[in-house]
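Here's start.cif, which has mmCIF, C-alpha atoms:
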data_model
#
loop_
_atom_site.label_atom_id
_atom_site.label_comp_id
_atom_site.auth_asym_id
_atom_site.auth_seq_id
_atom_site.Cartn_x
_atom_site.Cartn_y
_atom_site.Cartn_z
CA MET B 1 -40.84 107.57 23.26
CA ARG B 2 -37.35 108.81 22.37
CA MET B 3 -37.55 107.16 18.97
CA LYS B 4 -41.01 108.70 18.34
CA ARG B 5 -39.69 112.17 19.19
CA GLN B 6 -36.73 111.74 16.86
CA LEU B 7 -38.96 110.48 14.05
CA THR B 8 -41.41 113.36 14.56
CA THR B 9 -38.54 115.85 14.34
CA ILE B 10 -37.32 114.28 11.09
CA ILE B 11 -40.80 114.39 9.53
CA LEU B 12 -41.30 118.03 10.56
CA CYS B 13 -37.93 118.99 9.05
CA LEU B 14 -38.86 117.28 5.79
CA CYS B 15 -42.26 118.97 5.74
CA CYS B 16 -40.59 122.35 6.24
CA LEU B 17 -38.39 121.69 3.24
CA LEU B 18 -41.36 120.62 1.14
CA THR B 19 -43.32 123.77 1.99
CA THR B 20 -40.56 126.19 0.95
CA ALA B 21 -41.67 126.06 -2.69
CA GLN B 22 -43.31 129.21 -4.05
CA THR B 23 -46.58 129.19 -5.97
CA ASP B 24 -45.46 131.85 -8.52
CA ARG B 25 -43.49 131.01 -11.63
CA GLN B 26 -39.74 131.49 -11.22
CA VAL B 27 -36.57 131.10 -13.20
CA GLN B 28 -35.83 127.38 -13.46
CA TYR B 29 -32.39 126.22 -12.44
CA LYS B 30 -30.90 123.17 -14.17
CA PRO B 31 -33.79 122.90 -16.66
CA TYR B 32 -32.34 119.92 -18.55
CA ILE B 33 -30.86 117.88 -15.73
CA ASP B 34 -33.77 115.41 -15.65
CA LEU B 35 -33.54 114.74 -19.38
CA ARG B 36 -30.23 112.95 -19.13
CA PRO B 37 -30.64 109.16 -19.51
CA LEU B 38 -28.24 108.43 -16.65
CA HIS B 39 -26.98 110.64 -13.87
CA PHE B 40 -25.00 110.19 -10.67
CA GLY B 41 -24.63 111.75 -7.25
CA ILE B 42 -23.63 111.25 -3.64
CA LEU B 43 -25.69 110.90 -0.48
CA VAL B 44 -25.36 111.48 3.25
CA GLY B 45 -27.97 110.96 5.93
CA LEU B 46 -29.14 109.86 9.34
CA HIS B 47 -31.03 106.73 10.33
CA LEU B 48 -32.52 104.82 13.26
CA GLN B 49 -32.20 101.04 13.52
CA ASP B 50 -34.72 98.91 15.38
CA LEU B 51 -35.27 95.23 16.16
CA GLU B 52 -38.52 93.58 17.25
CA PHE B 53 -37.93 90.25 19.01
CA ASP B 54 -40.11 87.16 19.20
CA GLN B 55 -39.79 85.90 22.77
CA THR B 56 -39.31 82.19 23.47
CA GLY B 57 -41.14 82.39 26.80
CA PRO B 58 -40.44 79.89 29.64
CA PHE B 59 -38.14 77.09 28.49
CA GLN B 60 -36.09 74.24 29.94
CA MET B 61 -32.32 73.99 29.44
CA ALA B 62 -29.61 71.84 31.01
CA ASP B 63 -26.81 73.54 32.95
CA ASP B 64 -23.12 72.54 32.99
CA GLU B 65 -23.88 69.58 35.26
CA GLY B 66 -26.72 68.30 33.06
CA VAL B 67 -29.48 69.40 35.44
CA MET B 68 -32.57 70.76 33.70
CA LYS B 69 -33.45 74.28 34.76
CA GLU B 70 -36.35 76.51 33.79
CA HIS B 71 -35.59 79.94 32.33
CA TYR B 72 -37.77 82.89 31.45
CA ILE B 73 -35.88 85.82 29.90
CA LEU B 74 -37.28 88.83 28.05
CA CYS B 75 -35.25 90.71 25.44
CA ASP B 76 -35.95 94.21 24.12
CA ALA B 77 -34.17 96.84 22.06
CA ASP B 78 -34.91 99.66 24.48
CA LYS B 79 -32.62 102.44 23.18
CA TRP B 80 -31.77 103.80 19.74
CA ALA B 81 -29.02 106.14 18.65
CA ALA B 82 -29.04 108.06 15.40
CA GLY B 83 -26.63 106.47 12.93
CA PHE B 84 -24.78 107.89 9.94
CA SER B 85 -25.24 106.89 6.30
CA VAL B 86 -23.06 107.62 3.26
CA GLY B 87 -23.18 106.33 -0.29
CA VAL B 88 -23.44 107.02 -4.01
CA LEU B 89 -26.36 107.36 -6.40
CA GLY B 90 -27.00 106.13 -9.91
CA GLU B 91 -30.33 106.89 -11.57
CA LEU B 92 -31.65 105.66 -14.94
CA ARG B 93 -34.40 107.69 -16.62
CA LEU B 94 -37.26 105.46 -17.80
CA SER B 95 -39.84 108.10 -18.76
CA ASN B 96 -40.89 111.62 -17.84
CA ASN B 97 -42.16 110.43 -14.45
CA PHE B 98 -40.43 107.11 -13.73
CA SER B 99 -36.80 106.34 -13.03
CA LEU B 100 -34.82 103.38 -11.68
CA ARG B 101 -32.40 104.19 -8.90
CA VAL B 102 -29.51 102.25 -7.36
CA THR B 103 -27.88 103.67 -4.20
CA PRO B 104 -25.03 101.58 -2.68
CA THR B 105 -24.83 102.80 0.92
CA MET B 106 -23.03 102.14 4.19
CA HIS B 107 -25.01 102.55 7.42
CA PHE B 108 -23.14 102.99 10.72
CA GLY B 109 -25.39 102.64 13.76
CA ALA B 110 -26.09 100.92 17.06
CA LYS B 111 -28.84 99.44 19.21
CA HIS B 112 -28.97 98.81 22.96
CA LEU B 113 -30.48 95.52 24.15
CA THR B 114 -31.76 94.76 27.65
CA LEU B 115 -32.43 91.17 28.75
CA LEU B 116 -34.46 90.62 31.93
CA ASN B 117 -34.15 87.28 33.73
CA MET B 118 -37.59 86.81 35.26
CA LYS B 119 -36.52 83.71 37.24
CA GLU B 120 -33.59 85.41 39.01
CA LEU B 121 -34.44 88.34 41.26
CA ASP B 122 -32.15 90.85 42.94
CA GLU B 123 -32.34 92.04 46.56
CA GLN B 124 -35.17 94.44 45.69
CA GLY B 125 -37.18 91.64 44.09
CA ARG B 126 -36.63 92.91 40.55
CA PRO B 127 -35.52 90.71 37.63
CA THR B 128 -31.77 90.67 37.08
CA ARG B 129 -30.70 92.21 33.82
CA LYS B 130 -27.96 92.00 31.26
CA THR B 131 -27.32 94.53 28.52
CA GLN B 132 -25.68 94.39 25.14
CA ASP B 133 -24.58 97.24 22.90
CA MET B 134 -25.16 95.97 19.37
CA LYS B 135 -23.12 98.05 16.94
CA SER B 136 -24.14 97.53 13.33
CA THR B 137 -22.37 98.39 10.09
CA TYR B 138 -24.42 97.56 7.02
CA VAL B 139 -23.50 97.58 3.36
CA SER B 140 -26.76 97.96 1.47
CA LEU B 141 -27.73 97.87 -2.20
CA PRO B 142 -31.21 99.38 -2.63
CA ILE B 143 -32.92 99.14 -6.01
CA ASP B 144 -35.85 101.55 -6.12
CA LEU B 145 -38.51 102.66 -8.57
CA LYS B 146 -39.14 106.39 -8.34
CA PHE B 147 -42.33 108.13 -9.48
CA ALA B 148 -42.01 111.92 -9.68
CA ALA B 149 -44.71 114.53 -10.20
CA PRO B 150 -44.29 117.17 -12.93
CA ARG B 151 -41.73 119.80 -12.06
CA TRP B 152 -43.04 123.12 -10.74
CA ASN B 153 -40.53 125.96 -10.59
CA ASN B 154 -37.51 124.54 -8.77
CA HIS B 155 -39.06 121.62 -6.90
CA ARG B 156 -40.47 118.21 -7.82
CA PRO B 157 -41.99 115.87 -5.19
CA TYR B 158 -41.86 112.11 -5.62
CA ILE B 159 -42.60 108.77 -4.01
CA MET B 160 -40.45 105.65 -4.21
CA ALA B 161 -40.46 101.95 -3.36
CA GLY B 162 -38.02 99.08 -3.74
CA VAL B 163 -36.00 96.30 -2.17
CA ASN B 164 -32.76 96.57 -0.27
CA ALA B 165 -30.17 93.79 0.06
CA MET B 166 -28.22 94.18 3.33
CA LEU B 167 -24.85 92.80 4.43
CA ASN B 168 -24.06 93.04 8.15
CA LEU B 169 -20.31 93.48 8.73
CA THR B 170 -20.40 93.35 12.55
CA GLY B 171 -21.32 90.89 15.29
CA GLY B 172 -19.17 89.38 18.01
CA ASP B 173 -18.78 85.62 18.38
CA GLN B 174 -19.53 85.85 22.11
CA ASP B 175 -22.42 88.32 22.01
CA MET B 176 -25.61 87.09 23.64
CA ILE B 177 -27.74 88.06 20.66
CA ARG B 178 -26.53 88.11 17.08
CA ILE B 179 -28.34 88.76 13.82
CA LYS B 180 -27.73 87.14 10.46
CA ARG B 181 -25.07 88.29 8.06
CA TYR B 182 -27.47 88.71 5.13
CA SER B 183 -30.98 90.13 5.04
CA THR B 184 -33.46 91.84 2.71
CA MET B 185 -35.66 94.84 3.38
CA LEU B 186 -38.66 96.38 1.67
CA GLU B 187 -38.55 100.18 1.57
CA ILE B 188 -41.03 102.92 0.76
CA GLY B 189 -40.59 106.65 1.05
CA MET B 190 -41.11 110.15 -0.24
CA GLY B 191 -38.94 113.11 -1.08
CA CYS B 192 -38.58 116.22 -3.19
CA ASP B 193 -36.08 117.40 -5.80
CA PHE B 194 -34.88 120.96 -5.16
CA TYR B 195 -33.15 122.56 -8.15
CA LEU B 196 -30.43 124.97 -7.05
CA PRO B 197 -28.16 127.13 -9.25
CA PHE B 198 -25.19 124.72 -9.13
CA PHE B 199 -26.64 121.33 -8.12
CA LYS B 200 -29.82 119.45 -7.22
CA LEU B 201 -30.59 118.74 -3.55
CA ILE B 202 -32.96 115.87 -2.74
CA PRO B 203 -34.13 115.31 0.86
CA GLU B 204 -35.89 111.97 1.32
CA LEU B 205 -37.51 110.08 4.18
CA LYS B 206 -37.99 106.34 3.82
CA PHE B 207 -39.11 103.42 5.97
CA CYS B 208 -37.40 100.03 5.64
CA PHE B 209 -39.05 96.82 6.84
CA GLY B 210 -37.16 93.53 7.10
CA LEU B 211 -38.41 90.57 5.09
CA GLY B 212 -38.06 87.37 7.09
CA ASP B 213 -36.35 86.45 10.33
CA VAL B 214 -32.93 88.05 10.92
CA PHE B 215 -32.13 86.28 14.20
CA ASP B 216 -29.11 83.94 14.03
CA LYS B 217 -30.42 80.77 15.68
CA ASN B 218 -27.11 78.89 15.27
CA HIS B 219 -25.17 81.48 17.24
CA VAL B 220 -25.95 79.78 20.58
CA ASN B 221 -23.73 76.85 19.59
CA GLU B 222 -20.72 79.18 19.31
CA LEU B 223 -20.99 80.53 22.87
CA ARG B 224 -18.37 79.26 25.29
CA ASP B 225 -20.04 80.69 28.41
CA ALA B 226 -22.91 78.37 29.40
CA ASN B 227 -24.59 81.19 31.34
CA LEU B 228 -24.99 83.19 28.13
CA LYS B 229 -26.66 80.33 26.26
CA ALA B 230 -29.86 80.80 28.24
CA TYR B 231 -29.97 84.45 27.14
CA ALA B 232 -29.32 83.48 23.53
CA ASN B 233 -32.18 80.95 23.70
CA SER B 234 -34.59 83.55 25.09
CA VAL B 235 -35.24 84.83 21.55
CA CYS B 236 -36.69 82.73 18.74
CA GLY B 237 -36.93 85.38 16.02
CA ALA B 238 -36.35 89.02 15.15
CA GLN B 239 -37.56 91.53 12.56
CA SER B 240 -35.49 94.54 11.54
CA LYS B 241 -36.64 98.08 10.77
CA MET B 242 -34.95 101.30 9.75
CA PHE B 243 -36.03 104.91 9.41
CA VAL B 244 -33.71 106.79 7.06
CA LEU B 245 -33.43 110.52 6.31
CA THR B 246 -31.19 111.02 3.28
CA PHE B 247 -29.84 114.05 1.42
CA TYR B 248 -28.83 113.41 -2.19
CA PHE B 249 -26.58 115.78 -4.13
CA GLU B 250 -26.58 115.64 -7.93
#
Structure encoded using structure tokens:
Amino acid sequence: MRMKRQLTTIILCLCCLLTTAQTDRQVQYKPYIDLRPLHFGILVGLHLQDLEFDQTGPFQMADDEGVMKEHYILCDADKWAAGFSVGVLGELRLSNNFSLRVTPTMHFGAKHLTLLNMKELDEQGRPTRKTQDMKSTYVSLPIDLKFAAPRWNNHRPYIMAGVNAMLNLTGGDQDMIRIKRYSTMLEIGMGCDFYLPFFKLIPELKFCFGLGDVFDKNHVNELRDANLKAYANSVCGAQSKMFVLTFYFE
């Protein structure tokens, strides 16, 4: 619910920005900025990271003494914290409406994981739990195709889509759950160019969906604590998602 409220707030803020355009003709700022074949800028923004896990279900695993024991552990990313994004922009003009955009970006964020051991109960009869704070620092290289509507006064809405290569710079060797170092995401979004007297401001909201499994299945072999191996084996796959609100300055 917290994530839905945050996402709703972001969408409402973007809609407010999009509705600030006037219907009457006005003096156009930066009238030739979109005619340049190549232009650059910087970006800052906020994002939410999410992981959806594929649960292993009940499974058998030997303990330190070689005795087989049944485990049933559920894993969930139950909390999200807004992360910070910063990067640079390079855009190549293809035509009056299309452009190719490359935006190398760093994303600093975190997720909170809760793992419930359904076979071990506490004094109140509830499953015992372990938690993990998964801090994530990504270096991303999105390549997007942007389709913009004709400019009206000092605004120009657009839609975009592309692929995003991600490099994960974090992940402890003894974490219960770890994701892969490399991944790829598909992203789609919308935004609007606002032409101001001295620069162009571009708010954009995009959704990023992971392509393929990002769960590191070999990580369990690196764990020294045998008790943690059961928690690492409780997951058999994971899909990543991101919601990103970005402000470009050109």
In terms of all atoms listed in the file, the residue from B:Val86, B:Leu167, B:Tyr248, B:Phe98 at minimal distance from Phe40 in chain B is B:Tyr248
Counting all atoms listed in the file, figure out which residue out of B:Trp80, B:Leu121, B:Cys236, B:Tyr195 gets nearest to Tyr32 in chain B.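 Of B:Trp80, B:Leu121, B:Cys236, B:Tyr195, the one nearest Tyr32 in chain B is B:Tyr195, counting all atoms listed in the file.
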Two-atom distance - CA of Phe198 in chain B, CA of Leu145 in chain B (Å):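 Separation between CA of Phe198 in chain B and CA of Leu145 in chain B: 25.8 Å.
Counting all atoms listed in the file, the residue from B:Thr103, B:Thr131, B:Asn153, B:Ser183 that sits nearest to Leu116 in chain B is B:Thr131.
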Atomic separation - CA of Ile177 in chain B relative to CA of Asp133 in chain B, Å: 10.0 Å
Care to translate the PyMOL selection byres ((chain B and resi 201-208) around 8) into actual residues of this file, as a PDB file with C-alpha atoms, keeping the file's coordinate frame?
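Output contents, as saved in result.pdb:
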ATOM      1  CA  ILE B  11     -40.800 114.390   9.530  1.00  0.00           C
ATOM      2  CA  LEU B  14     -38.860 117.280   5.790  1.00  0.00           C
ATOM      3  CA  MET B 185     -35.660  94.840   3.380  1.00  0.00           C
ATOM      4  CA  LEU B 186     -38.660  96.380   1.670  1.00  0.00           C
ATOM      5  CA  GLU B 187     -38.550 100.180   1.570  1.00  0.00           C
ATOM      6  CA  ILE B 188     -41.030 102.920   0.760  1.00  0.00           C
ATOM      7  CA  GLY B 189     -40.590 106.650   1.050  1.00  0.00           C
ATOM      8  CA  MET B 190     -41.110 110.150  -0.240  1.00  0.00           C
ATOM      9  CA  GLY B 191     -38.940 113.110  -1.080  1.00  0.00           C
ATOM     10  CA  CYS B 192     -38.580 116.220  -3.190  1.00  0.00           C
ATOM     11  CA  ASP B 193     -36.080 117.400  -5.800  1.00  0.00           C
ATOM     12  CA  PHE B 194     -34.880 120.960  -5.160  1.00  0.00           C
ATOM     13  CA  TYR B 195     -33.150 122.560  -8.150  1.00  0.00           C
ATOM     14  CA  LEU B 196     -30.430 124.970  -7.050  1.00  0.00           C
ATOM     15  CA  PHE B 199     -26.640 121.330  -8.120  1.00  0.00           C
ATOM     16  CA  LYS B 200     -29.820 119.450  -7.220  1.00  0.00           C
ATOM     17  CA  PHE B 209     -39.050  96.820   6.840  1.00  0.00           C
ATOM     18  CA  GLY B 210     -37.160  93.530   7.100  1.00  0.00           C
ATOM     19  CA  LYS B 241     -36.640  98.080  10.770  1.00  0.00           C
ATOM     20  CA  MET B 242     -34.950 101.300   9.750  1.00  0.00           C
ATOM     21  CA  PHE B 243     -36.030 104.910   9.410  1.00  0.00           C
ATOM     22  CA  VAL B 244     -33.710 106.790   7.060  1.00  0.00           C
ATOM     23  CA  LEU B 245     -33.430 110.520   6.310  1.00  0.00           C
ATOM     24  CA  THR B 246     -31.190 111.020   3.280  1.00  0.00           C
ATOM     25  CA  PHE B 247     -29.840 114.050   1.420  1.00  0.00           C
ATOM     26  CA  TYR B 248     -28.830 113.410  -2.190  1.00  0.00           C
ATOM     27  CA  PHE B 249     -26.580 115.780  -4.130  1.00  0.00           C
ATOM     28  CA  GLU B 250     -26.580 115.640  -7.930  1.00  0.00           C
TER      29      GLU B 250
END
List the residues matched by the PyMOL selection byres ((chain B and resi 130) around 12) in the displayed structure as a PyMOL selection string, ordered by chain and then by residue number. chain B and resi 73-76+112-118+120+127-129+131-133+175-177+227-228+230-232
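Atom pair CA of Leu43 in chain B / CA of Val102 in chain B has a distance of 11.7 Å (rounded to one decimal).
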Selection in question (the file shown): the PyMOL selection byres ((chain B and resi 181) around 9). Which residues does it include, as a list in words?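 Evaluating the PyMOL selection byres ((chain B and resi 181) around 9) on this file yields Met166, Leu167, Asn168, Leu169, Thr170, Gly171, Ile179, Lys180, Tyr182, Ser183, Val214 and Asp216 of chain B.
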With all atoms listed in the file as the atoms that count, which of B:Arg126, B:Arg151, B:Lys119, B:Lys217 lies nearest to Asp34 in chain B?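 Looking at the shortest contact to Asp34 in chain B, the residue is B:Arg151.
Of the residues under consideration (B:His39, B:Asp144, B:Ala165, B:Tyr158), B:Asp144 shows the shortest atom-to-atom contact distance to Leu100 in chain B when counting only C-alpha atoms.
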Nearest to Asn96 in chain B by atom-to-atom distance, counting only C-alpha atoms, from B:Val44, B:Gly125, B:Lys229, B:Leu35: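 Ranking B:Val44, B:Gly125, B:Lys229, B:Leu35 by distance to Asn96 in chain B, first place goes to B:Leu35.
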Could you add whatever atoms are missing so that range 73-108 of chain B carries N, CA and C atoms, then write the result as a PDB file, keeping the file's coordinate frame?
ATOM      1  N   ILE B  73     -36.671  84.604  30.141  1.00  0.00           N
ATOM      2  CA  ILE B  73     -35.880  85.820  29.900  1.00  0.00           C
ATOM      3  C   ILE B  73     -36.560  86.625  28.799  1.00  0.00           C
ATOM      4  N   LEU B  74     -36.686  87.920  29.032  1.00  0.00           N
ATOM      5  CA  LEU B  74     -37.280  88.830  28.050  1.00  0.00           C
ATOM      6  C   LEU B  74     -36.206  89.724  27.457  1.00  0.00           C
ATOM      7  N   CYS B  75     -36.241  89.893  26.150  1.00  0.00           N
ATOM      8  CA  CYS B  75     -35.250  90.710  25.440  1.00  0.00           C
ATOM      9  C   CYS B  75     -35.956  91.852  24.725  1.00  0.00           C
ATOM     10  N   ASP B  76     -35.352  93.044  24.770  1.00  0.00           N
ATOM     11  CA  ASP B  76     -35.950  94.210  24.120  1.00  0.00           C
ATOM     12  C   ASP B  76     -34.859  95.169  23.699  1.00  0.00           C
ATOM     13  N   ALA B  77     -35.039  95.756  22.508  1.00  0.00           N
ATOM     14  CA  ALA B  77     -34.170  96.840  22.060  1.00  0.00           C
ATOM     15  C   ALA B  77     -34.751  98.140  22.603  1.00  0.00           C
ATOM     16  N   ASP B  78     -34.255  98.576  23.744  1.00  0.00           N
ATOM     17  CA  ASP B  78     -34.910  99.660  24.480  1.00  0.00           C
ATOM     18  C   ASP B  78     -34.332 101.037  24.198  1.00  0.00           C
ATOM     19  N   LYS B  79     -33.205 101.137  23.471  1.00  0.00           N
ATOM     20  CA  LYS B  79     -32.620 102.440  23.180  1.00  0.00           C
ATOM     21  C   LYS B  79     -32.136 102.451  21.732  1.00  0.00           C
ATOM     22  N   TRP B  80     -32.255 103.619  21.102  1.00  0.00           N
ATOM     23  CA  TRP B  80     -31.770 103.800  19.740  1.00  0.00           C
ATOM     24  C   TRP B  80     -30.877 105.027  19.703  1.00  0.00           C
ATOM     25  N   ALA B  81     -29.894 104.989  18.873  1.00  0.00           N
ATOM     26  CA  ALA B  81     -29.020 106.140  18.650  1.00  0.00           C
ATOM     27  C   ALA B  81     -28.991 106.422  17.154  1.00  0.00           C
ATOM     28  N   ALA B  82     -29.056 107.689  16.807  1.00  0.00           N
ATOM     29  CA  ALA B  82     -29.040 108.060  15.400  1.00  0.00           C
ATOM     30  C   ALA B  82     -27.722 107.631  14.768  1.00  0.00           C
ATOM     31  N   GLY B  83     -27.810 106.917  13.651  1.00  0.00           N
ATOM     32  CA  GLY B  83     -26.630 106.470  12.930  1.00  0.00           C
ATOM     33  C   GLY B  83     -26.363 107.345  11.712  1.00  0.00           C
ATOM     34  N   PHE B  84     -25.226 107.098  11.075  1.00  0.00           N
ATOM     35  CA  PHE B  84     -24.780 107.890   9.940  1.00  0.00           C
ATOM     36  C   PHE B  84     -24.769 107.027   8.690  1.00  0.00           C
ATOM     37  N   SER B  85     -25.186 107.605   7.563  1.00  0.00           N
ATOM     38  CA  SER B  85     -25.240 106.890   6.300  1.00  0.00           C
ATOM     39  C   SER B  85     -24.491 107.687   5.238  1.00  0.00           C
ATOM     40  N   VAL B  86     -23.783 106.981   4.362  1.00  0.00           N
ATOM     41  CA  VAL B  86     -23.060 107.620   3.260  1.00  0.00           C
ATOM     42  C   VAL B  86     -23.048 106.669   2.083  1.00  0.00           C
ATOM     43  N   GLY B  87     -23.154 107.204   0.877  1.00  0.00           N
ATOM     44  CA  GLY B  87     -23.180 106.330  -0.290  1.00  0.00           C
ATOM     45  C   GLY B  87     -23.143 107.116  -1.583  1.00  0.00           C
ATOM     46  N   VAL B  88     -23.423 106.427  -2.681  1.00  0.00           N
ATOM     47  CA  VAL B  88     -23.440 107.020  -4.010  1.00  0.00           C
ATOM     48  C   VAL B  88     -24.769 106.700  -4.682  1.00  0.00           C
ATOM     49  N   LEU B  89     -25.078 107.454  -5.723  1.00  0.00           N
ATOM     50  CA  LEU B  89     -26.360 107.360  -6.400  1.00  0.00           C
ATOM     51  C   LEU B  89     -26.157 107.185  -7.899  1.00  0.00           C
ATOM     52  N   GLY B  90     -26.901 106.259  -8.471  1.00  0.00           N
ATOM     53  CA  GLY B  90     -27.000 106.130  -9.910  1.00  0.00           C
ATOM     54  C   GLY B  90     -28.448 106.000 -10.302  1.00  0.00           C
ATOM     55  N   GLU B  91     -28.907 106.853 -11.227  1.00  0.00           N
ATOM     56  CA  GLU B  91     -30.330 106.890 -11.570  1.00  0.00           C
ATOM     57  C   GLU B  91     -30.498 106.798 -13.084  1.00  0.00           C
ATOM     58  N   LEU B  92     -31.359 105.882 -13.527  1.00  0.00           N
ATOM     59  CA  LEU B  92     -31.650 105.660 -14.940  1.00  0.00           C
ATOM     60  C   LEU B  92     -33.038 106.199 -15.259  1.00  0.00           C
ATOM     61  N   ARG B  93     -33.109 107.102 -16.222  1.00  0.00           N
ATOM     62  CA  ARG B  93     -34.400 107.690 -16.620  1.00  0.00           C
ATOM     63  C   ARG B  93     -35.172 106.698 -17.476  1.00  0.00           C
ATOM     64  N   LEU B  94     -36.409 106.370 -17.056  1.00  0.00           N
ATOM     65  CA  LEU B  94     -37.260 105.460 -17.800  1.00  0.00           C
ATOM     66  C   LEU B  94     -38.305 106.194 -18.623  1.00  0.00           C
ATOM     67  N   SER B  95     -38.826 107.285 -18.079  1.00  0.00           N
ATOM     68  CA  SER B  95     -39.840 108.100 -18.760  1.00  0.00           C
ATOM     69  C   SER B  95     -39.834 109.470 -18.094  1.00  0.00           C
ATOM     70  N   ASN B  96     -40.822 110.288 -18.442  1.00  0.00           N
ATOM     71  CA  ASN B  96     -40.890 111.620 -17.840  1.00  0.00           C
ATOM     72  C   ASN B  96     -41.143 111.565 -16.338  1.00  0.00           C
ATOM     73  N   ASN B  97     -41.801 110.508 -15.872  1.00  0.00           N
ATOM     74  CA  ASN B  97     -42.160 110.430 -14.450  1.00  0.00           C
ATOM     75  C   ASN B  97     -41.467 109.301 -13.704  1.00  0.00           C
ATOM     76  N   PHE B  98     -41.014 108.265 -14.402  1.00  0.00           N
ATOM     77  CA  PHE B  98     -40.430 107.110 -13.730  1.00  0.00           C
ATOM     78  C   PHE B  98     -38.923 107.055 -13.961  1.00  0.00           C
ATOM     79  N   SER B  99     -38.227 106.578 -12.931  1.00  0.00           N
ATOM     80  CA  SER B  99     -36.800 106.340 -13.030  1.00  0.00           C
ATOM     81  C   SER B  99     -36.427 105.176 -12.115  1.00  0.00           C
ATOM     82  N   LEU B 100     -35.340 104.504 -12.470  1.00  0.00           N
ATOM     83  CA  LEU B 100     -34.820 103.380 -11.680  1.00  0.00           C
ATOM     84  C   LEU B 100     -33.553 103.847 -10.997  1.00  0.00           C
ATOM     85  N   ARG B 101     -33.494 103.621  -9.690  1.00  0.00           N
ATOM     86  CA  ARG B 101     -32.400 104.190  -8.900  1.00  0.00           C
ATOM     87  C   ARG B 101     -31.679 103.096  -8.122  1.00  0.00           C
ATOM     88  N   VAL B 102     -30.350 103.156  -8.133  1.00  0.00           N
ATOM     89  CA  VAL B 102     -29.510 102.250  -7.360  1.00  0.00           C
ATOM     90  C   VAL B 102     -28.609 103.113  -6.471  1.00  0.00           C
ATOM     91  N   THR B 103     -28.615 102.822  -5.153  1.00  0.00           N
ATOM     92  CA  THR B 103     -27.880 103.670  -4.200  1.00  0.00           C
ATOM     93  C   THR B 103     -27.063 102.815  -3.229  1.00  0.00           C
ATOM     94  N   PRO B 104     -25.891 102.308  -3.629  1.00  0.00           N
ATOM     95  CA  PRO B 104     -25.030 101.580  -2.680  1.00  0.00           C
ATOM     96  C   PRO B 104     -24.680 102.473  -1.482  1.00  0.00           C
ATOM     97  N   THR B 105     -24.941 101.968  -0.283  1.00  0.00           N
ATOM     98  CA  THR B 105     -24.830 102.800   0.920  1.00  0.00           C
ATOM     99  C   THR B 105     -24.219 102.000   2.059  1.00  0.00           C
ATOM    100  N   MET B 106     -23.497 102.710   2.931  1.00  0.00           N
ATOM    101  CA  MET B 106     -23.030 102.140   4.190  1.00  0.00           C
ATOM    102  C   MET B 106     -23.752 102.840   5.339  1.00  0.00           C
ATOM    103  N   HIS B 107     -24.296 102.037   6.258  1.00  0.00           N
ATOM    104  CA  HIS B 107     -25.010 102.550   7.420  1.00  0.00           C
ATOM    105  C   HIS B 107     -24.213 102.186   8.684  1.00  0.00           C
ATOM    106  N   PHE B 108     -23.853 103.193   9.455  1.00  0.00           N
ATOM    107  CA  PHE B 108     -23.140 102.990  10.720  1.00  0.00           C
ATOM    108  C   PHE B 108     -24.087 103.361  11.855  1.00  0.00           C
TER     109      PHE B 108
END
